[in-house]
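Visitor: Just so it is clear, I am handing over target.txt, which has compact mmCIF, C-alpha atoms.
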```txt
# COMPACT_ATOMS: atom_id res chain seq x y z
CA MET A 5 25.27 1.43 63.62
CA VAL A 6 24.85 4.43 65.93
CA TYR A 7 21.76 6.16 67.32
CA TRP A 8 21.38 9.18 69.52
CA ILE A 9 19.59 10.81 72.40
CA TYR A 10 19.01 14.57 72.21
CA TYR A 11 19.31 16.83 75.22
CA GLY A 12 17.00 19.74 74.69
CA LYS A 13 15.67 20.89 71.34
CA ASP A 14 18.91 22.09 69.82
CA VAL A 15 20.87 19.63 67.68
CA SER A 16 24.03 21.30 68.97
CA LEU A 17 23.29 19.64 72.32
CA LEU A 18 23.98 16.20 70.82
CA ARG A 19 26.62 14.32 72.79
CA GLU A 20 28.30 11.55 70.79
CA ASP A 21 30.58 10.32 73.52
CA ILE A 22 27.82 9.31 75.95
CA THR A 23 24.69 8.89 73.88
CA SER A 24 25.55 6.40 71.11
CA ILE A 25 24.54 2.79 71.40
CA PRO A 26 25.11 0.14 68.71
CA VAL A 27 22.08 -2.15 68.72
CA THR A 28 24.00 -5.11 67.32
CA ASP A 29 26.54 -4.93 70.16
CA VAL A 30 23.75 -5.39 72.70
CA PHE A 31 22.54 -8.50 70.89
CA ASP A 32 26.03 -9.95 70.63
CA GLU A 33 25.68 -10.79 74.32
CA HIS A 34 23.43 -13.62 75.44
CA ASP A 35 22.79 -12.93 79.10
CA GLY A 36 19.28 -12.18 80.27
CA CYS A 37 16.87 -9.90 78.42
CA PRO A 38 18.58 -7.89 75.65
CA ILE A 39 16.07 -5.05 75.93
CA CYS A 40 16.81 -4.76 79.64
CA ARG A 41 20.51 -4.54 78.77
CA MET A 42 19.76 -1.85 76.21
CA ARG A 43 17.74 0.18 78.69
CA ASP A 44 20.34 -0.27 81.44
CA LEU A 45 23.11 0.96 79.15
CA LEU A 46 21.10 4.03 78.18
CA GLU A 47 20.32 4.79 81.83
CA THR A 48 23.98 4.46 82.76
CA ARG A 49 25.06 6.83 80.01
CA VAL A 50 22.44 9.43 80.85
CA THR A 51 23.13 9.35 84.59
CA ASP A 52 26.89 9.44 84.00
CA TYR A 53 26.36 12.44 81.76
CA ILE A 54 24.28 14.51 84.17
CA THR A 55 26.52 13.82 87.16
CA GLY A 56 29.59 14.75 85.13
CA ALA A 57 30.49 17.96 83.33
CA ALA A 58 26.92 18.42 82.09
CA MET A 59 25.81 19.12 85.65
CA MET A 60 26.96 22.73 85.19
CA GLU A 61 25.52 23.19 81.69
CA PRO A 62 22.60 25.65 81.99
CA ASP A 63 20.32 23.87 79.49
CA VAL A 64 20.75 20.49 81.17
CA ARG A 65 20.40 21.89 84.68
CA GLN A 66 17.22 23.71 83.69
CA GLU A 67 15.72 20.44 82.46
CA THR A 68 16.72 18.48 85.57
CA ASN A 69 15.32 21.33 87.69
CA ASP A 70 12.01 21.21 85.82
CA ARG A 71 11.60 17.44 85.56
CA GLY A 72 13.47 15.92 88.48
CA PHE A 73 13.78 12.15 88.70
CA CYS A 74 11.71 9.12 89.63
CA LEU A 75 12.68 6.92 92.59
CA THR A 76 14.40 4.34 90.36
CA HIS A 77 16.68 6.95 88.86
CA TYR A 78 17.31 8.78 92.14
CA ARG A 79 18.57 5.44 93.44
CA GLN A 80 20.82 5.02 90.41
CA LEU A 81 22.21 8.52 90.88
CA LEU A 82 22.94 7.86 94.55
CA LYS A 83 24.71 4.58 93.77
CA LYS A 84 27.25 6.51 91.70
CA ARG A 85 28.51 8.06 94.94
CA ALA A 86 28.69 11.43 93.22
CA ARG A 87 26.97 13.07 96.16
CA LEU A 88 27.96 16.68 95.44
CA PRO A 89 26.53 16.72 91.89
CA VAL A 90 23.33 15.08 93.15
CA ALA A 91 23.13 17.54 96.04
CA LEU A 92 23.53 20.51 93.68
CA MET A 93 20.79 19.18 91.42
CA MET A 94 18.62 18.52 94.47
CA GLU A 95 19.17 22.05 95.77
CA SER A 96 17.86 23.62 92.57
CA ARG A 97 15.15 20.97 92.14
CA LEU A 98 13.71 21.70 95.59
CA ALA A 99 13.67 25.41 94.79
CA GLU A 100 11.83 24.66 91.54
CA VAL A 101 9.28 22.46 93.33
CA GLU A 102 8.62 25.22 95.82
CA LYS A 103 8.03 27.62 92.93
CA GLN A 104 5.80 25.23 91.00
CA VAL A 105 3.71 24.01 93.93
CA PHE A 106 3.85 26.52 96.77
CA ALA A 107 4.47 29.87 95.07
CA GLY A 108 3.01 32.93 96.78
CA VAL A 109 2.32 33.75 100.39
CA PRO A 110 -0.28 31.54 102.09
CA LEU A 111 -3.04 34.19 102.10
CA PHE A 112 -2.83 35.01 98.39
CA GLY A 113 -1.17 31.86 97.04
CA LYS A 114 -2.70 28.80 95.48
CA SER A 115 -5.42 26.90 97.28
CA ALA A 116 -4.45 23.60 98.85
CA LYS A 117 -6.32 21.80 96.07
CA LYS A 118 -4.34 23.61 93.38
CA GLN A 119 -1.13 22.96 95.27
CA ALA A 120 -1.93 19.25 95.30
CA SER A 121 -2.56 19.41 91.55
CA GLY A 122 0.81 21.09 91.11
CA ALA A 123 2.42 18.39 93.24
CA GLU A 124 0.88 15.70 91.04
CA LYS A 125 2.45 17.27 87.97
CA VAL A 126 5.84 17.54 89.69
CA LEU A 127 5.74 13.90 90.74
CA SER A 128 4.90 12.59 87.28
CA SER A 129 8.08 13.64 85.49
CA CYS A 130 11.62 12.25 85.31
CA PHE A 131 14.49 13.60 83.23
CA VAL A 132 16.10 10.17 82.77
CA CYS A 133 12.85 8.35 81.97
CA GLU A 134 12.01 10.84 79.25
CA ARG A 135 15.43 10.54 77.60
CA VAL A 136 15.54 6.77 77.83
CA ASP A 137 11.96 6.33 76.59
CA TRP A 138 12.69 8.60 73.62
CA ALA A 139 15.74 6.55 72.69
CA MET A 140 14.15 3.17 73.38
CA THR A 141 11.31 3.85 70.96
CA ARG A 142 13.80 4.41 68.16
CA LEU A 143 16.13 1.60 69.15
CA LEU A 144 13.29 -0.92 69.30
CA ALA A 145 12.23 0.15 65.82
CA THR A 146 15.81 -0.53 64.76
CA VAL A 147 15.66 -4.00 66.35
CA CYS A 148 12.57 -4.74 64.27
CA ARG A 149 14.17 -3.45 61.08
CA LEU A 150 17.35 -5.47 61.63
CA TRP A 151 15.32 -8.60 62.32
CA GLU A 152 13.49 -8.07 59.01
CA ASN A 153 16.56 -7.40 56.91
CA GLU A 154 19.59 -9.17 58.41
CA ARG A 155 19.76 -12.95 58.81
CA ASP A 156 22.69 -12.76 61.23
CA PHE A 157 20.79 -10.42 63.52
CA ARG A 158 17.74 -12.67 63.39
CA ASP A 159 19.89 -15.59 64.48
CA SER A 160 21.38 -13.52 67.30
CA PHE A 161 17.88 -12.48 68.38
CA GLU A 162 16.64 -16.06 68.53
CA GLN A 163 19.70 -17.15 70.53
CA GLN A 164 18.99 -14.70 73.36
CA GLU A 165 18.50 -16.19 76.81
CA HIS A 166 15.03 -14.71 77.19
CA LEU A 167 12.80 -11.66 76.94
CA CYS A 168 11.23 -10.28 80.09
CA LEU A 169 7.43 -9.93 80.00
CA PRO A 170 7.26 -6.09 79.78
CA HIS A 171 9.77 -5.95 76.94
CA PHE A 172 8.09 -8.79 75.07
CA GLU A 173 4.90 -6.75 75.09
CA LEU A 174 6.74 -3.57 74.11
CA LEU A 175 8.66 -5.22 71.26
CA VAL A 176 5.54 -6.73 69.71
CA GLN A 177 3.76 -3.39 70.04
CA VAL A 178 6.58 -1.57 68.24
CA ALA A 179 6.75 -4.32 65.59
CA SER A 180 3.05 -3.89 64.81
CA GLN A 181 3.68 -0.20 64.18
CA THR A 182 6.95 -0.36 62.26
CA MET A 183 7.36 -3.73 60.53
CA ASN A 184 5.96 -4.97 57.26
CA LYS A 185 2.67 -6.64 58.17
CA LYS A 186 3.72 -9.94 56.61
CA ASN A 187 6.65 -10.16 59.06
CA VAL A 188 4.92 -9.12 62.28
CA GLY A 189 3.49 -12.56 62.98
CA ASP A 190 6.84 -14.35 62.64
CA PHE A 191 8.59 -11.73 64.77
CA ALA A 192 5.91 -11.95 67.44
CA LYS A 193 6.22 -15.74 67.44
CA ALA A 194 10.01 -15.57 67.84
CA SER A 195 9.62 -13.08 70.69
CA SER A 196 6.91 -15.18 72.34
CA THR A 197 9.12 -18.27 72.17
CA LEU A 198 11.92 -16.50 74.04
CA CYS A 199 9.53 -15.17 76.66
CA ARG A 200 7.49 -18.31 77.23
CA LYS A 201 10.44 -20.69 77.33
CA TYR A 202 11.92 -18.74 80.23
CA LEU A 203 8.54 -18.63 81.95
CA GLU A 204 8.48 -22.43 81.92
CA GLU A 205 11.99 -22.50 83.39
CA LEU A 206 10.99 -20.08 86.14
CA ARG A 207 7.89 -22.08 87.03
CA GLY A 208 9.99 -25.18 87.42
CA ASP A 209 12.60 -23.42 89.55
CA VAL A 210 10.04 -21.73 91.82
CA SER A 211 8.15 -25.00 92.29
CA HIS A 212 11.42 -26.74 93.15
CA PHE A 213 12.22 -23.97 95.65
CA CYS A 214 8.86 -24.48 97.36
CA LYS A 215 9.32 -28.26 97.49
CA MET A 216 12.68 -27.84 99.19
CA PHE A 217 10.83 -26.61 102.29
CA ASP A 218 9.02 -29.93 102.63
CA TYR A 219 10.26 -31.55 105.84
CA ARG A 220 11.59 -34.49 103.87
CA ASN A 221 13.94 -32.18 101.97
CA SER A 222 14.66 -29.43 104.51
CA SER A 223 16.24 -31.90 106.90
CA ASP A 224 18.74 -33.11 104.29
CA GLU A 225 21.93 -31.02 104.34
CA ASN A 226 22.90 -32.37 100.92
CA ALA A 227 19.56 -31.67 99.27
CA ASP A 228 19.83 -30.48 95.67
CA TRP A 229 18.41 -26.97 95.29
CA GLY A 230 19.34 -26.85 91.61
CA ASN A 231 18.82 -23.34 90.16
CA SER A 232 15.98 -22.55 92.54
CA ARG A 233 17.70 -20.44 95.21
CA ASP A 234 17.35 -17.16 93.29
CA SER A 235 14.18 -18.15 91.44
CA ILE A 236 12.03 -15.60 93.28
CA GLU A 237 14.30 -12.70 92.34
CA ARG A 238 14.57 -13.91 88.73
CA SER A 239 10.79 -14.20 88.54
CA VAL A 240 10.34 -10.64 89.77
CA ALA A 241 12.85 -9.43 87.17
CA TRP A 242 11.01 -11.31 84.40
CA LEU A 243 7.61 -10.00 85.47
CA CYS A 244 8.71 -6.39 86.04
CA GLY A 245 11.73 -5.85 83.79
CA ARG A 246 13.72 -4.75 86.87
CA GLU A 247 15.78 -6.70 89.37
CA PRO A 248 14.28 -6.48 92.87
```
Once more with this new file: its structure as C-alpha cells, please.
Guide:
Amino acid sequence: MVYWIYYGKDVSLLREDITSIPVTDVFDEHDGCPICRMRDLLETRVTDYITGAAMMEPDVRQETNDRGFCLTHYRQLLKKRARLPVALMMESRLAEVEKQVFAGVPLFGKSAKKQASGAEKVLSSCFVCERVDWAMTRLLATVCRLWENERDFRDSFEQQEHLCLPHFELLVQVASQTMNKKNVGDFAKASSTLCRKYLEELRGDVSHFCKMFDYRNSSDENADWGNSRDSIERSVAWLCGREP
C-alpha cells in the first residue's frame, strides 16, 4: 500500500523513489510510538530529497527559498553533513528573507513595524513541516481505515509499545473525522490504552529514579536502577513526540 507526497502543484513533480511509505510496514515494527516512526521516516525522505539532486531543481529551490525551515528541520539537515547543499539553500533563503522583510532603501522602504510583520510571516513557515503534515494527515486516515477493515492490522496496532501523547490526540482527532462513528469509540479506547499504559510505566520509572537519590540508595554501588536511568528523556519524548 503506497501513498505519496507532492512537491509543488504539478503531478509531474511526484517522486516515487523517496516519497512512498507503506503504512503496514511501519506497524510491523514494535518499538516506541508508530506515529513517531512514520513521521521520522517522512522527514528523512524529504530532507534526503532536498539535499540530493532536487537541490538544483528550480521548482523545489523556489519553495525552499520561500518557506525555509524550522529549527528542528535545520538541525536534521545539518546532521546529514551535506553542508554545501545546505549552504546553497541558505544563500538563496537569506536573499529571499531580505527581499520579503527588508526590501527598499531605508528612507522609502517598509516601516519597522511592517518589517517585523514580514519577519513574523517568514518565521512561521517550514518546507519540511508542510510536506510532512500534508502526508501525515492522509497516512493517519489510512491507519484509521486499516484498523476498521483489517483484523491483522488491528492486532498489530494493539501490540505497539506505546503511543506518545501528541500522536494519541492527533490519531483520535483524525478518527473522529474519518471513521464510521460506531467505530470511533473502540479505536479511541485502543489508542488510549496504549498511551496510558506507557504513562504508568514512565511514572514508575521516574519515581524510581528520584528514590535512587535518597542517601540510603545513593551510597550503595550495587543499587538497582532498573529502567529508570533514561526515564526523564523517555518522558520528554512521550510528552512532546520528540526525543530531547
Visitor: Using all atoms listed in the file, determine which residues lie at most 12 Å from Glu237 in chain A, disregarding the query and same-chain residues fewer than 2 positions distant; provide the list as a PyMOL selection string.
Guide: chain A and resi 206+209-210+213+231-235+239-248
Visitor: For each of A:Asp137, A:Glu100, A:Asp32, A:Glu173, take the minimum atom-to-atom distance to Asp44 in chain A, counting all atoms listed in the file, then give the residue where this is smallest.
Guide: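 The answer is A:Asp137, which sits nearest to Asp44 in chain A.
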Visitor: Which of these residues is nearest to Tyr202 in chain A, using only C-alpha atoms: A:Ile236, A:Cys74, A:Cys37, A:Leu150?
Guide: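 Among A:Ile236, A:Cys74, A:Cys37, A:Leu150, it is A:Cys37 that comes nearest to Tyr202 in chain A.
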Visitor: Counting all atoms listed in the file, what are the residues of range 86-172 of chain A within 9 Å of range 64-70 of chain A, and for each of them which pair of atoms is the nearest and at what distance in Å, to one decimal? Sort the table by chain and rising number, as JSON lines.
Guide:
```
{"residue": "A:Met93", "atom": "CA", "partner": "A:Asn69", "partner_atom": "CA", "distance": 7.0}
{"residue": "A:Met94", "atom": "CA", "partner": "A:Asn69", "partner_atom": "CA", "distance": 8.0}
{"residue": "A:Glu95", "atom": "CA", "partner": "A:Asn69", "partner_atom": "CA", "distance": 9.0}
{"residue": "A:Ser96", "atom": "CA", "partner": "A:Asn69", "partner_atom": "CA", "distance": 6.0}
{"residue": "A:Arg97", "atom": "CA", "partner": "A:Asn69", "partner_atom": "CA", "distance": 4.5}
{"residue": "A:Leu98", "atom": "CA", "partner": "A:Asn69", "partner_atom": "CA", "distance": 8.1}
{"residue": "A:Ala99", "atom": "CA", "partner": "A:Asn69", "partner_atom": "CA", "distance": 8.4}
{"residue": "A:Glu100", "atom": "CA", "partner": "A:Asn69", "partner_atom": "CA", "distance": 6.2}
{"residue": "A:Val101", "atom": "CA", "partner": "A:Asp70", "partner_atom": "CA", "distance": 8.1}
{"residue": "A:Val126", "atom": "CA", "partner": "A:Asp70", "partner_atom": "CA", "distance": 8.2}
{"residue": "A:Ser129", "atom": "CA", "partner": "A:Asp70", "partner_atom": "CA", "distance": 8.5}
{"residue": "A:Cys130", "atom": "CA", "partner": "A:Thr68", "partner_atom": "CA", "distance": 8.1}
{"residue": "A:Phe131", "atom": "CA", "partner": "A:Thr68", "partner_atom": "CA", "distance": 5.9}
{"residue": "A:Val132", "atom": "CA", "partner": "A:Thr68", "partner_atom": "CA", "distance": 8.8}
```
Visitor: Identify the residues around (11.6, -8.5, 76.9) within a radius of 10 Å, measuring from all atoms listed in the file in the coordinates stated by the file, and give them as an MDAnalysis selection string.
Guide: chainID A and resid 36:41 166:176 195:196 198:199 242:245
Visitor: Would you list the residues near (19.5, -12.6, 69.5) (no more than 8 Å away, in the coordinates of the file, using all atoms listed in the file) as a PDB file with C-alpha atoms, keeping the file's coordinate frame?
Guide:
```
ATOM      1  CA  PHE A  31      22.540  -8.500  70.890  1.00  0.00           C
ATOM      2  CA  ASP A  32      26.030  -9.950  70.630  1.00  0.00           C
ATOM      3  CA  HIS A  34      23.430 -13.620  75.440  1.00  0.00           C
ATOM      4  CA  PRO A  38      18.580  -7.890  75.650  1.00  0.00           C
ATOM      5  CA  PHE A 157      20.790 -10.420  63.520  1.00  0.00           C
ATOM      6  CA  ARG A 158      17.740 -12.670  63.390  1.00  0.00           C
ATOM      7  CA  ASP A 159      19.890 -15.590  64.480  1.00  0.00           C
ATOM      8  CA  SER A 160      21.380 -13.520  67.300  1.00  0.00           C
ATOM      9  CA  PHE A 161      17.880 -12.480  68.380  1.00  0.00           C
ATOM     10  CA  GLU A 162      16.640 -16.060  68.530  1.00  0.00           C
ATOM     11  CA  GLN A 163      19.700 -17.150  70.530  1.00  0.00           C
ATOM     12  CA  GLN A 164      18.990 -14.700  73.360  1.00  0.00           C
TER      13      GLN A 164
END
```
Visitor: Which one of A:Val27, A:Ala91, A:Val50, A:Leu82 sits closest to Ala145 in chain A if you count only C-alpha atoms?
Guide: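 Distance minimum relative to Ala145 in chain A lands on A:Val27.
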Visitor: Could you check how far CA of Val30 in chain A sits from CA of Val136 in chain A, in Å to one decimal?
Guide: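 Separation of CA of Val30 in chain A and CA of Val136 in chain A: 15.5 Å.
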Visitor: Select, from A:Glu165, A:Glu102, A:Asp52, A:Asp29, the residue with the minimum atom-to-atom distance to Lys83 in chain A, counting all atoms listed in the file.
Guide: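 When distances to Lys83 in chain A are compared using all atoms listed in the file, the smallest one comes from A:Asp52.
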Visitor: Can you tell me how far CA of Leu144 in chain A sits from CA of Thr182 in chain A, in Å to one decimal?
Guide: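 Computed distance, CA of Leu144 in chain A to CA of Thr182 in chain A, equals 9.5 Å.
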Visitor: Restricting the calculation to all atoms listed in the file, which member of A:Arg85, A:Met140, A:Glu205, A:Cys214 is positioned closest to Leu45 in chain A?
Guide: A:Met140
Visitor: For the atom pair CA of Lys186 in chain A and CA of Asp156 in chain A, what is the interatomic distance in Å to one decimal place?
Guide: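 Here the two named atoms are 19.7 Å from each other.
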